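Structure data follow from entry-v8.cif (mmCIF, C-alpha atoms and all ligand atoms):
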data_model
loop_
_atom_site.label_atom_id
_atom_site.label_comp_id
_atom_site.auth_asym_id
_atom_site.auth_seq_id
_atom_site.Cartn_x
_atom_site.Cartn_y
_atom_site.Cartn_z
CA VAL Z 1 265.56 185.88 33.63
CA SER Z 2 267.97 188.30 35.29
CA GLU Z 3 265.11 190.65 36.08
CA THR Z 4 263.59 190.30 39.54
CA GLN Z 5 260.17 188.76 39.33
CA THR Z 6 257.45 189.44 41.81
CA ALA Z 7 256.25 186.44 43.77
CA THR Z 8 252.75 185.23 42.98
CA LYS Z 9 250.59 186.04 45.93
CA LEU Z 10 247.12 187.51 46.08
CA ASN Z 11 245.22 188.33 42.90
CA SER Z 12 247.47 186.22 40.74
CA ALA Z 13 246.21 183.74 38.17
CA ASP Z 14 248.05 181.04 40.09
CA SER Z 15 246.35 181.75 43.40
CA ALA Z 16 242.95 181.94 41.69
CA LEU Z 17 243.47 178.49 40.14
CA ARG Z 18 244.64 177.10 43.47
CA ALA Z 19 241.52 178.42 45.19
CA ARG Z 20 239.28 176.78 42.56
CA ALA Z 21 241.25 173.53 42.79
CA GLN Z 22 240.85 173.40 46.58
CA ARG Z 23 237.12 172.94 46.08
CA VAL Z 24 237.25 170.10 43.54
CA ILE Z 25 240.64 168.39 44.04
CA PRO Z 26 241.52 166.88 47.44
CA GLY Z 27 244.35 168.92 48.95
CA GLY Z 28 244.51 171.08 45.82
CA LEU Z 29 246.77 168.53 44.11
CA TRP Z 30 247.84 164.97 44.78
CA GLY Z 31 251.41 163.83 45.09
CA HIS Z 32 254.88 165.19 44.62
CA GLN Z 33 254.09 168.13 42.34
CA ASN Z 34 251.90 169.87 44.91
CA ALA Z 35 253.55 173.31 45.19
CA ALA Z 36 252.28 173.61 48.78
CA HIS Z 37 255.44 171.66 49.71
CA LEU Z 38 257.64 174.32 48.08
CA PRO Z 39 258.76 177.74 49.32
CA ASP Z 40 256.41 180.73 49.06
CA GLY Z 41 256.17 182.17 45.59
CA TYR Z 42 256.58 178.87 43.71
CA PRO Z 43 253.91 178.58 41.04
CA GLN Z 44 251.58 175.59 40.83
CA TYR Z 45 250.39 176.18 37.29
CA PHE Z 46 252.29 176.62 34.04
CA THR Z 47 251.18 177.67 30.61
CA ARG Z 48 254.21 176.86 28.54
CA ALA Z 49 257.57 175.15 28.47
CA GLU Z 50 260.32 175.28 25.88
CA GLY Z 51 263.84 173.85 26.07
CA CYS Z 52 264.93 174.42 29.68
CA HIS Z 53 262.49 177.28 30.25
CA LEU Z 54 259.14 177.31 32.00
CA ILE Z 55 256.50 180.03 31.93
CA ASP Z 56 253.93 180.08 34.71
CA VAL Z 57 250.32 181.26 34.50
CA ASP Z 58 251.37 184.73 35.64
CA GLY Z 59 253.87 185.06 32.81
CA ARG Z 60 257.00 184.57 34.91
CA GLN Z 61 259.84 182.74 33.20
CA PHE Z 62 262.29 180.36 34.85
CA VAL Z 63 265.32 178.28 33.96
CA ASP Z 64 264.01 174.84 34.91
CA PHE Z 65 266.16 172.52 37.04
CA MET Z 66 263.40 170.00 37.83
CA CYS Z 67 262.52 168.96 34.27
CA SER Z 68 259.10 167.69 35.37
CA TRP Z 69 260.98 165.81 38.15
CA GLY Z 70 263.03 163.88 35.62
CA PRO Z 71 261.08 163.03 32.46
CA VAL Z 72 262.26 165.98 30.37
CA ILE Z 73 265.78 165.00 29.33
CA LEU Z 74 266.21 166.59 25.90
CA GLY Z 75 264.35 169.75 26.86
CA HIS Z 76 260.66 170.63 26.84
CA ARG Z 77 258.98 170.10 23.46
CA HIS Z 78 262.08 168.82 21.72
CA PRO Z 79 261.48 169.19 17.95
CA ALA Z 80 262.53 165.65 16.92
CA VAL Z 81 260.43 164.06 19.66
CA GLU Z 82 257.38 166.20 18.94
CA GLN Z 83 257.70 165.46 15.22
CA ALA Z 84 257.69 161.71 15.96
CA VAL Z 85 254.66 162.26 18.21
CA ARG Z 86 252.78 164.14 15.48
CA GLU Z 87 253.55 161.48 12.89
CA GLN Z 88 252.43 158.60 15.11
CA THR Z 89 249.35 160.54 16.27
CA SER Z 90 248.31 160.99 12.67
CA ARG Z 91 248.39 157.19 12.21
CA GLY Z 92 246.95 156.02 15.54
CA ASP Z 93 247.80 155.74 19.21
CA CYS Z 94 245.31 153.65 21.17
CA MET Z 95 244.36 150.77 18.87
CA ASN Z 96 243.58 147.07 19.33
CA GLY Z 97 247.27 146.40 19.45
CA PRO Z 98 250.48 148.38 19.23
CA ALA Z 99 251.94 149.99 16.11
CA PRO Z 100 255.14 148.55 14.56
CA VAL Z 101 257.10 151.15 16.54
CA LEU Z 102 256.80 148.86 19.59
CA VAL Z 103 259.17 146.34 18.00
CA GLU Z 104 261.52 149.07 16.84
CA LEU Z 105 261.67 150.47 20.39
CA ALA Z 106 262.22 147.07 22.00
CA GLU Z 107 265.05 146.34 19.54
CA LEU Z 108 266.63 149.73 20.24
CA ILE Z 109 266.58 149.19 24.01
CA VAL Z 110 267.87 145.62 23.81
CA ASP Z 111 270.69 146.99 21.66
CA MET Z 112 271.48 149.89 24.05
CA VAL Z 113 271.23 148.12 27.40
CA PRO Z 114 273.84 145.36 27.82
CA HIS Z 115 271.92 143.23 30.34
CA ALA Z 116 268.66 143.43 28.37
CA ASP Z 117 267.60 140.37 26.38
CA TRP Z 118 263.97 141.52 26.27
CA CYS Z 119 261.74 144.35 27.40
CA ILE Z 120 258.12 145.04 28.17
CA PHE Z 121 256.42 148.39 28.56
CA GLY Z 122 254.04 150.14 30.93
CA LYS Z 123 253.17 153.71 31.78
CA ASN Z 124 254.72 154.75 35.10
CA GLY Z 125 257.81 153.91 37.09
CA THR Z 126 255.64 152.18 39.67
CA ASP Z 127 254.36 149.82 36.94
CA ALA Z 128 257.95 148.95 36.13
CA THR Z 129 259.21 148.36 39.68
CA THR Z 130 256.10 146.35 40.55
CA THR Z 131 256.42 144.24 37.40
CA CYS Z 132 260.09 143.54 38.20
CA ILE Z 133 259.09 142.11 41.57
CA THR Z 134 256.25 140.08 40.13
CA VAL Z 135 258.55 138.62 37.48
CA ALA Z 136 261.25 137.87 40.09
CA ARG Z 137 258.72 136.07 42.30
CA ALA Z 138 257.28 134.15 39.35
CA GLU Z 139 260.75 132.98 38.24
CA THR Z 140 262.08 132.06 41.68
CA GLY Z 141 258.84 130.83 43.26
CA ARG Z 142 259.87 132.79 46.36
CA ARG Z 143 258.33 135.69 48.26
CA LYS Z 144 260.85 137.93 50.09
CA VAL Z 145 262.01 141.21 48.56
CA LEU Z 146 264.77 143.43 49.97
CA THR Z 147 264.74 147.21 49.56
CA ALA Z 148 266.93 149.92 51.11
CA THR Z 149 265.46 151.75 54.07
CA GLY Z 150 264.07 155.10 52.91
CA ALA Z 151 264.32 154.34 49.17
CA TYR Z 152 261.45 155.38 46.90
CA HIS Z 153 260.17 152.79 44.43
CA GLY Z 154 256.68 154.06 43.70
CA ALA Z 155 253.21 154.93 44.91
CA VAL Z 156 251.34 151.67 45.52
CA PRO Z 157 250.88 149.87 48.85
CA TRP Z 158 253.93 147.58 48.64
CA CYS Z 159 256.28 150.58 48.38
CA SER Z 160 254.43 153.82 49.18
CA PRO Z 161 256.27 156.15 51.59
CA SER Z 162 252.92 156.77 53.30
CA VAL Z 163 251.24 154.19 55.52
CA ALA Z 164 247.80 155.73 55.00
CA GLY Z 165 245.53 153.07 53.53
CA VAL Z 166 248.31 150.47 53.57
CA THR Z 167 248.00 147.19 55.52
CA ALA Z 168 250.77 145.21 57.16
CA GLU Z 169 249.91 142.38 54.77
CA ASP Z 170 250.77 144.61 51.78
CA ARG Z 171 254.35 144.65 53.05
CA ALA Z 172 254.48 141.23 54.66
CA HIS Z 173 257.39 140.00 52.55
CA LEU Z 174 259.52 143.14 52.47
CA LEU Z 175 262.84 143.28 54.34
CA HIS Z 176 265.28 146.17 54.49
CA TYR Z 177 268.98 146.89 54.29
CA THR Z 178 270.93 150.14 54.52
CA PHE Z 179 272.26 151.51 51.23
CA ASN Z 180 276.04 150.99 50.91
CA ASP Z 181 276.14 148.92 54.11
CA ILE Z 182 277.31 145.41 53.20
CA ALA Z 183 276.78 143.99 56.69
CA SER Z 184 273.14 145.09 56.73
CA LEU Z 185 272.63 143.64 53.26
CA GLU Z 186 274.09 140.29 54.30
CA ALA Z 187 271.93 140.26 57.43
CA ALA Z 188 268.76 140.92 55.40
CA VAL Z 189 269.69 138.18 52.90
CA GLU Z 190 270.20 135.78 55.78
CA GLN Z 191 266.86 136.75 57.30
CA ALA Z 192 265.09 136.06 53.99
CA GLY Z 193 266.74 132.63 53.85
CA HIS Z 194 265.51 130.29 51.13
CA ASP Z 195 262.56 132.60 50.40
CA LEU Z 196 264.58 135.45 48.81
CA ALA Z 197 263.09 136.45 45.45
CA ALA Z 198 264.77 139.80 44.75
CA ILE Z 199 267.02 142.56 45.98
CA VAL Z 200 265.83 145.93 44.74
CA VAL Z 201 268.32 148.79 44.60
CA SER Z 202 268.21 152.38 43.33
CA ALA Z 203 270.92 153.58 40.97
CA PHE Z 204 272.23 155.63 43.89
CA ARG Z 205 270.84 156.80 47.19
CA HIS Z 206 268.54 159.71 46.46
CA ASP Z 207 266.29 159.93 49.49
CA MET Z 208 264.43 163.24 49.71
CA GLY Z 209 265.97 165.86 51.99
CA LYS Z 210 269.25 164.01 52.47
CA ALA Z 211 272.64 164.18 50.83
CA GLN Z 212 272.80 161.74 47.93
CA GLU Z 213 275.21 158.82 48.01
CA LEU Z 214 276.73 156.93 45.08
CA PRO Z 215 277.04 153.16 45.49
CA THR Z 216 280.51 151.93 46.37
CA PRO Z 217 281.86 149.33 43.91
CA GLU Z 218 282.25 146.86 46.82
CA PHE Z 219 278.59 147.24 47.77
CA ALA Z 220 277.37 146.78 44.19
CA ARG Z 221 279.62 143.76 43.64
CA ARG Z 222 278.57 142.16 46.93
CA MET Z 223 274.93 142.60 45.98
CA ARG Z 224 275.56 140.89 42.64
CA ALA Z 225 277.42 138.05 44.35
CA LEU Z 226 274.65 137.54 46.91
CA CYS Z 227 272.07 137.32 44.13
CA ASP Z 228 274.25 134.83 42.25
CA GLU Z 229 274.73 132.70 45.37
CA THR Z 230 271.05 132.66 46.33
CA GLY Z 231 269.42 132.70 42.89
CA ALA Z 232 267.52 135.89 43.73
CA ALA Z 233 267.03 138.59 41.10
CA LEU Z 234 269.05 141.80 41.28
CA VAL Z 235 266.53 144.50 40.37
CA LEU Z 236 267.96 147.92 39.50
CA ASP Z 237 265.43 150.71 39.93
CA ASP Z 238 266.68 153.07 37.22
CA VAL Z 239 263.38 154.94 37.02
CA ARG Z 240 264.84 158.23 38.23
CA ALA Z 241 268.43 158.08 37.00
CA GLY Z 242 267.99 156.04 33.81
CA PHE Z 243 269.53 157.59 30.64
CA ARG Z 244 271.01 160.59 32.52
CA LEU Z 245 274.19 158.88 33.73
CA ASP Z 246 274.79 156.12 31.19
CA LEU Z 247 272.64 155.01 28.27
CA GLY Z 248 273.36 151.35 29.06
CA GLY Z 249 272.07 151.65 32.63
CA SER Z 250 273.31 153.52 35.66
CA TRP Z 251 275.42 150.66 37.04
CA GLU Z 252 277.32 150.09 33.76
CA PRO Z 253 280.25 152.28 34.91
CA LEU Z 254 280.50 150.05 38.01
CA GLY Z 255 280.65 146.92 35.85
CA VAL Z 256 277.74 145.39 37.76
CA ARG Z 257 274.75 144.28 35.71
CA PRO Z 258 271.27 143.66 37.11
CA ASP Z 259 268.92 140.82 36.17
CA LEU Z 260 265.95 143.12 35.79
CA SER Z 261 265.76 146.92 35.48
CA ALA Z 262 262.88 149.33 35.89
CA TRP Z 263 262.87 152.43 33.68
CA SER Z 264 260.52 155.34 33.11
CA LYS Z 265 260.83 159.12 33.61
CA ALA Z 266 263.31 160.19 30.89
CA ILE Z 267 262.62 157.36 28.43
CA ALA Z 268 260.27 159.36 26.18
CA ASN Z 269 261.14 162.98 27.05
CA GLY Z 270 257.94 163.60 28.99
CA HIS Z 271 255.57 161.20 27.25
CA ALA Z 272 254.08 158.50 29.47
CA LEU Z 273 256.08 155.31 29.18
CA ALA Z 274 257.85 152.83 31.43
CA ALA Z 275 259.92 149.75 30.64
CA VAL Z 276 261.19 146.61 32.28
CA THR Z 277 264.31 145.04 30.84
CA GLY Z 278 265.55 141.60 31.77
CA ARG Z 279 267.96 138.79 31.19
CA GLU Z 280 267.13 135.60 29.32
CA ARG Z 281 266.61 133.65 32.56
CA PHE Z 282 263.52 135.77 33.33
CA ARG Z 283 261.91 135.68 29.88
CA GLN Z 284 259.59 132.77 30.65
CA ALA Z 285 258.39 134.38 33.89
CA ALA Z 286 257.84 137.67 32.05
CA THR Z 287 255.68 135.71 29.60
CA THR Z 288 253.52 134.12 32.28
CA VAL Z 289 252.81 137.04 34.66
CA PHE Z 290 249.75 139.13 33.86
CA THR Z 291 251.04 142.67 33.47
CA THR Z 292 249.06 145.14 31.42
CA GLY Z 293 246.90 148.26 31.34
CA SER Z 294 244.40 149.90 29.01
CA PHE Z 295 247.01 152.36 27.75
CA TRP Z 296 250.16 150.24 27.91
CA CYS Z 297 250.22 149.58 24.16
CA GLY Z 298 249.75 153.24 23.26
CA SER Z 299 252.04 153.90 20.31
CA VAL Z 300 252.62 157.65 20.53
CA PRO Z 301 254.82 157.49 23.65
CA MET Z 302 256.73 154.62 22.03
CA ALA Z 303 257.43 156.78 18.98
CA ALA Z 304 258.52 159.54 21.37
CA ALA Z 305 260.86 157.07 23.10
CA VAL Z 306 262.50 155.96 19.84
CA ALA Z 307 263.13 159.62 18.98
CA THR Z 308 264.37 160.44 22.49
CA LEU Z 309 266.79 157.54 22.82
CA THR Z 310 268.08 157.97 19.27
CA GLU Z 311 268.80 161.65 19.94
CA LEU Z 312 270.39 160.95 23.34
CA ARG Z 313 272.73 158.51 21.64
CA ARG Z 314 273.50 160.85 18.75
CA ILE Z 315 274.47 163.80 20.93
CA ASP Z 316 275.86 161.77 23.85
CA GLY Z 317 273.28 163.27 26.18
CA PRO Z 318 274.80 162.08 29.47
CA ALA Z 319 278.13 163.78 28.63
CA HIS Z 320 276.40 167.10 27.86
CA MET Z 321 274.38 166.97 31.08
CA ALA Z 322 277.55 166.12 33.00
CA ARG Z 323 279.31 169.20 31.58
CA MET Z 324 276.42 171.52 32.40
CA GLY Z 325 275.93 169.92 35.80
CA GLN Z 326 279.61 170.37 36.62
CA ARG Z 327 279.41 174.02 35.61
CA LEU Z 328 276.43 174.47 37.92
CA ARG Z 329 278.17 172.67 40.79
CA ASP Z 330 281.41 174.64 40.44
CA GLY Z 331 279.53 177.93 40.13
CA LEU Z 332 277.37 177.24 43.18
CA ALA Z 333 280.41 176.24 45.24
CA GLU Z 334 282.26 179.41 44.26
CA ARG Z 335 279.32 181.71 44.99
CA ALA Z 336 278.41 180.07 48.31
CA LEU Z 337 282.03 180.44 49.41
CA HIS Z 338 282.03 184.08 48.33
CA HIS Z 339 279.03 184.72 50.61
CA GLY Z 340 280.60 182.75 53.48
CA LEU Z 341 277.97 180.00 53.31
CA ARG Z 342 278.54 176.26 53.64
CA ILE Z 343 276.60 174.08 51.22
CA ASP Z 344 276.68 170.35 50.59
CA GLN Z 345 276.36 169.33 46.94
CA SER Z 346 275.87 165.62 46.40
CA GLY Z 347 275.00 163.00 43.82
CA PRO Z 348 275.93 162.86 40.15
CA VAL Z 349 276.25 166.34 38.63
CA GLN Z 350 273.43 165.53 36.17
CA MET Z 351 271.08 165.06 39.18
CA PRO Z 352 272.37 167.37 41.91
CA THR Z 353 271.09 167.84 45.44
CA VAL Z 354 272.07 171.13 47.07
CA LEU Z 355 271.61 171.42 50.84
CA PHE Z 356 272.89 173.97 53.34
CA VAL Z 357 275.13 172.56 56.08
CA ASP Z 358 273.43 172.54 59.51
CA ASP Z 359 270.02 173.24 58.04
CA PRO Z 360 268.02 170.27 59.32
CA GLU Z 361 264.63 171.82 58.57
CA TRP Z 362 265.76 173.27 55.21
CA LYS Z 363 264.96 176.82 56.36
CA ARG Z 364 267.99 178.31 54.63
CA GLY Z 365 267.30 176.09 51.62
CA PHE Z 366 263.77 177.44 51.37
CA ALA Z 367 264.91 181.07 51.71
CA PHE Z 368 267.64 180.50 49.11
CA CYS Z 369 265.30 178.87 46.59
CA ALA Z 370 262.53 181.44 47.05
CA GLU Z 371 264.95 184.25 46.26
CA ALA Z 372 266.58 182.38 43.36
CA LEU Z 373 263.08 181.81 41.96
CA ARG Z 374 262.37 185.54 42.10
CA HIS Z 375 265.48 185.95 39.97
CA GLY Z 376 264.43 183.33 37.45
CA ALA Z 377 265.85 179.95 38.51
CA TYR Z 378 263.49 177.10 39.42
CA LEU Z 379 265.53 175.05 41.92
CA HIS Z 380 264.45 172.61 44.64
CA PRO Z 381 265.40 173.06 48.31
CA LYS Z 382 265.58 169.39 49.27
CA HIS Z 383 264.98 167.03 46.37
CA ASN Z 384 267.54 166.14 43.74
CA MET Z 385 267.30 168.30 40.63
CA PHE Z 386 267.69 167.33 36.97
CA LEU Z 387 269.82 168.75 34.17
CA SER Z 388 268.66 168.33 30.59
CA CYS Z 389 270.36 168.40 27.21
CA ALA Z 390 268.67 171.75 26.57
CA HIS Z 391 270.67 173.52 29.28
CA THR Z 392 273.39 175.65 27.74
CA GLU Z 393 276.28 177.41 29.43
CA ALA Z 394 274.28 180.66 29.19
CA ASP Z 395 271.30 179.05 30.95
CA VAL Z 396 273.50 177.70 33.73
CA ASP Z 397 275.19 181.08 34.10
CA ALA Z 398 271.82 182.86 34.30
CA ALA Z 399 270.77 180.40 37.00
CA LEU Z 400 274.03 181.05 38.85
CA GLU Z 401 273.24 184.77 38.88
CA ALA Z 402 269.84 183.95 40.35
CA ALA Z 403 271.49 181.63 42.88
CA ASP Z 404 273.90 184.41 43.79
CA ALA Z 405 270.92 186.57 44.74
CA GLY Z 406 269.65 183.64 46.81
CA PHE Z 407 272.97 183.24 48.65
CA ARG Z 408 273.19 187.00 49.27
CA HIS Z 409 269.71 186.88 50.79
CA VAL Z 410 270.59 183.96 53.08
CA ALA Z 411 273.91 185.56 54.10
CA ARG Z 412 272.04 188.69 55.15
C1 LIG M 501 263.58 155.63 41.89
C2 LIG M 501 262.13 155.69 41.56
N1 LIG M 501 261.45 154.55 41.41
C3 LIG M 501 260.14 154.54 41.09
C4 LIG M 501 259.46 155.72 40.93
C5 LIG M 501 258.00 155.70 40.59
O1 LIG M 501 257.80 156.20 39.30
P1 LIG M 501 256.39 156.82 38.89
O2 LIG M 501 256.19 158.05 39.70
O3 LIG M 501 256.53 157.10 37.43
O4 LIG M 501 255.36 155.78 39.16
C6 LIG M 501 260.13 156.93 41.06
C7 LIG M 501 259.42 158.21 40.90
O5 LIG M 501 259.88 159.25 41.30
C8 LIG M 501 261.50 156.92 41.40
O6 LIG M 501 262.20 158.06 41.55
#
Would you put the structure from the file into structure tokens?
Amino acid sequence: VSETQTATKLNSADSALRARAQRVIPGGLWGHQNAAHLPDGYPQYFTRAEGCHLIDVDGRQFVDFMCSWGPVILGHRHPAVEQAVREQTSRGDCMNGPAPVLVELAELIVDMVPHADWCIFGKNGTDATTTCITVARAETGRRKVLTATGAYHGAVPWCSPSVAGVTAEDRAHLLHYTFNDIASLEAAVEQAGHDLAAIVVSAFRHDMGKAQELPTPEFARRMRALCDETGAALVLDDVRAGFRLDLGGSWEPLGVRPDLSAWSKAIANGHALAAVTGRERFRQAATTVFTTGSFWCGSVPMAAAVATLTELRRIDGPAHMARMGQRLRDGLAERALHHGLRIDQSGPVQMPTVLFVDDPEWKRGFAFCAEALRHGAYLHPKHNMFLSCAHTEADVDAALEAADAGFRHVAR
């Protein structure tokens, strides 16, 4: 990875695939993984991934700091997970009901997550956040839901960041507060009045393009108290952060427990699975709502999840990612300083955001990342990144060398 790699431009396998895709896929690719949003030279297509390394269709290799935007937590193609996948595949995946592994997984999660008395499964994070709200409304018989301004909770009309194709009615019962701002939270609760069903909160503030912000203990405690006073559900959206910070849930270190939590991304190391966990009070509502999908009882991702969570527990995954993330943060700080550049590193070290100071349009961030990519590190200029348990000190150090080239380029 230390070798300079030539950016994919004309005549590359990547650009040929992109040209073909433009004809048959609207915009070339839907959603967040569209490389058109990334600096020049970023590949769209990959042929292989192993541990914390990615290989693109032109044969370039990178140390990966996006981890599929979160799902890959043990490393790409982790042997124990893939073995569990092969074994379950050989027995059956999509049947007329789940395999016994469903019960094993539910028991494991109820054991790991202190607030969880039960859990149900889906496929994507959006399934989980949407189910949390449906369950909260069914239990309380109320309609209003509070979310933080700018927070991402999924890609359906009630929460999509785009207004294209969304009606005002889709969001009729949504009210907003500002993350970490108790006064705004209290005002929104008051506005909802007796109709407050749920307050939804992310593990921390991780809005794209902005510095991340951890919740203050006062804010988290006030949110819990407001839910207790009003009878509304506290819904923790742990889709992005879940299992990277604390295996019991991201607010465990704060001592504040939600009523319902939404999980997905890292739960099965890249296999499609989401979960909702909840307290006893919400069990009946979770029984009555109609939440399902053709693939929601698929057993292979459940087997992958049992293997993933068991391994994370065995190796204390969050502690490893914290050590590697701290090494990355310290190394980036030292190198930026050396080149006379001011950067702002925010969020938990396992999920870092790196921005340049006074770079409102991320121009320096783009130049930095494009150069680091050429030297073998796949970083993101404005979204939080993800460490995995496969990152070693040598991988982080290789990425720091690549970052050094990026800083040198920006300094010039
Ligand atoms: C905090 C949060 N909630 C919900 C979602 C939606 O998850 P999914 O994309 O799996 O539907 C995401 C996805 O990035 C997320 O980061």
- Item | Distance in Å - CA of Val113 (chain Z) versus CA of Ser299 (chain Z) |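 So the answer is 21.3 Å.
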So which residues touch region 243-258 of chain Z within 6 Å, counting only C-alpha atoms, skipping near sequence neighbours fewer than 5 positions away, as a PDB file with C-alpha atoms, in the coordinates of the input?
ATOM      1  CA  MET Z 112     271.480 149.890  24.050  1.00  0.00           C
ATOM      2  CA  VAL Z 113     271.230 148.120  27.400  1.00  0.00           C
ATOM      3  CA  ALA Z 203     270.920 153.580  40.970  1.00  0.00           C
ATOM      4  CA  LEU Z 234     269.050 141.800  41.280  1.00  0.00           C
ATOM      5  CA  VAL Z 235     266.530 144.500  40.370  1.00  0.00           C
ATOM      6  CA  LEU Z 236     267.960 147.920  39.500  1.00  0.00           C
ATOM      7  CA  PRO Z 318     274.800 162.080  29.470  1.00  0.00           C
TER       8      PRO Z 318
END
Show me which residues are within 10 Å of ligand LIG 501 (chain M) counting all atoms listed in the file, and format the list as a tab-separated table (two decimals) with C-alpha atoms, in the coordinates of the input.
chain	number	residue	atom	x	y	z
Z	31	GLY	CA	251.41	163.83	45.09
Z	32	HIS	CA	254.88	165.19	44.62
Z	69	TRP	CA	260.98	165.81	38.15
Z	70	GLY	CA	263.03	163.88	35.62
Z	71	PRO	CA	261.08	163.03	32.46
Z	122	GLY	CA	254.04	150.14	30.93
Z	123	LYS	CA	253.17	153.71	31.78
Z	124	ASN	CA	254.72	154.75	35.10
Z	125	GLY	CA	257.81	153.91	37.09
Z	126	THR	CA	255.64	152.18	39.67
Z	127	ASP	CA	254.36	149.82	36.94
Z	128	ALA	CA	257.95	148.95	36.13
Z	129	THR	CA	259.21	148.36	39.68
Z	130	THR	CA	256.10	146.35	40.55
Z	151	ALA	CA	264.32	154.34	49.17
Z	152	TYR	CA	261.45	155.38	46.90
Z	153	HIS	CA	260.17	152.79	44.43
Z	154	GLY	CA	256.68	154.06	43.70
Z	155	ALA	CA	253.21	154.93	44.91
Z	156	VAL	CA	251.34	151.67	45.52
Z	159	CYS	CA	256.28	150.58	48.38
Z	160	SER	CA	254.43	153.82	49.18
Z	201	VAL	CA	268.32	148.79	44.60
Z	202	SER	CA	268.21	152.38	43.33
Z	203	ALA	CA	270.92	153.58	40.97
Z	204	PHE	CA	272.23	155.63	43.89
Z	205	ARG	CA	270.84	156.80	47.19
Z	206	HIS	CA	268.54	159.71	46.46
Z	207	ASP	CA	266.29	159.93	49.49
Z	208	MET	CA	264.43	163.24	49.71
Z	236	LEU	CA	267.96	147.92	39.50
Z	237	ASP	CA	265.43	150.71	39.93
Z	238	ASP	CA	266.68	153.07	37.22
Z	239	VAL	CA	263.38	154.94	37.02
Z	240	ARG	CA	264.84	158.23	38.23
Z	241	ALA	CA	268.43	158.08	37.00
Z	242	GLY	CA	267.99	156.04	33.81
Z	262	ALA	CA	262.88	149.33	35.89
Z	263	TRP	CA	262.87	152.43	33.68
Z	264	SER	CA	260.52	155.34	33.11
Z	265	LYS	CA	260.83	159.12	33.61
Z	266	ALA	CA	263.31	160.19	30.89
Z	272	ALA	CA	254.08	158.50	29.47
Z	273	LEU	CA	256.08	155.31	29.18
Z	274	ALA	CA	257.85	152.83	31.43
Z	384	ASN	CA	267.54	166.14	43.74
The residue from Z:Ala305, Z:Ala377, Z:Ala411, Z:Val396 with the smallest atom-to-atom distance to Arg364 (chain Z), counting only C-alpha atoms, is Z:Ala411
Considering only C-alpha atoms, tabulate each residue of region 43-148 of chain Z that lies at most 8 Å from region 171-174 of chain Z along with its nearest interatomic pair and the corresponding distance in Å to one decimal; arrange the rows by chain and ascending residue number and present them as a tab-separated table.
residue	atom	partner	partner_atom	distance
Z:Arg143	CA	Z:His173	CA	6.2
Z:Lys144	CA	Z:His173	CA	4.7
Z:Val145	CA	Z:Leu174	CA	5.0
Z:Leu146	CA	Z:Leu174	CA	5.8
Z:Thr147	CA	Z:Leu174	CA	7.2
* To do: Quick one: everything within 12 Å of Asp359 (chain Z), counting all atoms listed in the file, minus sequence neighbours fewer than 4 positions away in the same chain. Send it as a PyMOL selection string.
  => chain Z and resi 209-211+341-344+354-355+363-368+381-382+410
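Interatomic distance, CA of Val101 (chain Z) against CA of His78 (chain Z): 19.1 Å.
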**Message:** as an NGL selection string, please: the residues near His339 (chain Z) (cut-off 10 Å, all atoms listed in the file, same-chain neighbours under 4 positions excluded).
**Reply:** :Z and (334-335 or 404 or 407-412)
Could those selected residues go to a file with C-alpha atoms, as a PDB file, keeping the file's coordinate frame?
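Below is the file that was written, part-v3.pdb:
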ATOM      1  CA  GLU Z 334     282.260 179.410  44.260  1.00  0.00           C
ATOM      2  CA  ARG Z 335     279.320 181.710  44.990  1.00  0.00           C
ATOM      3  CA  ASP Z 404     273.900 184.410  43.790  1.00  0.00           C
ATOM      4  CA  PHE Z 407     272.970 183.240  48.650  1.00  0.00           C
ATOM      5  CA  ARG Z 408     273.190 187.000  49.270  1.00  0.00           C
ATOM      6  CA  HIS Z 409     269.710 186.880  50.790  1.00  0.00           C
ATOM      7  CA  VAL Z 410     270.590 183.960  53.080  1.00  0.00           C
ATOM      8  CA  ALA Z 411     273.910 185.560  54.100  1.00  0.00           C
ATOM      9  CA  ARG Z 412     272.040 188.690  55.150  1.00  0.00           C
TER      10      ARG Z 412
END
For Leu260 (chain Z), the closest of Z:Leu400, Z:Val135, Z:Ala394, Z:Cys297 counting only C-alpha atoms is Z:Val135
Review point. Using only C-alpha atoms, can you list as a ChimeraX atom specification the residues within 6 Å of (268.5, 164.5, 34.2)?
Key: /Z:70,73,244,350-351,386-388
At a cut-off of 12 Å, using all atoms listed in the file, what residues contact region 34-44 of chain Z? Leave out same-chain residues fewer than 2 positions from it and give the result as a PyMOL selection string.
chain Z and resi 5-10+12-19+21-22+25-32+46-47+54-62+362-383
> When you draw a straight line from CA of Ala84 (chain Z) to CA of Ile315 (chain Z), how long is it in Å?
Replying inline: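 We find that CA of Ala84 (chain Z) and CA of Ile315 (chain Z) lie 17.6 Å from each other.
Among the candidates Z:Asp397, Z:Thr288, Z:Gly270, Z:Ala275, the residue lying nearest to Arg327 (chain Z) is Z:Asp397 (atoms considered: all atoms listed in the file).
Between Ala198 (chain Z) and the candidates Z:Ala168, Z:Ala390, Z:Ala232, Z:Ile182, the tightest atom-to-atom separation, counting all atoms listed in the file, involves Z:Ala232.
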Worksheet entry | Test item: residues at most 8 Å from Gly231 (chain Z), all atoms listed in the file, excluding those fewer than 4 positions along its chain, as a list in words | Thr140, Ala197 and Cys227 of chain Z
If you count all atoms listed in the file, the residue of Z:Ala148, Z:Thr89, Z:Val306, Z:His176 closest to Leu102 (chain Z) turns out to be Z:Val306
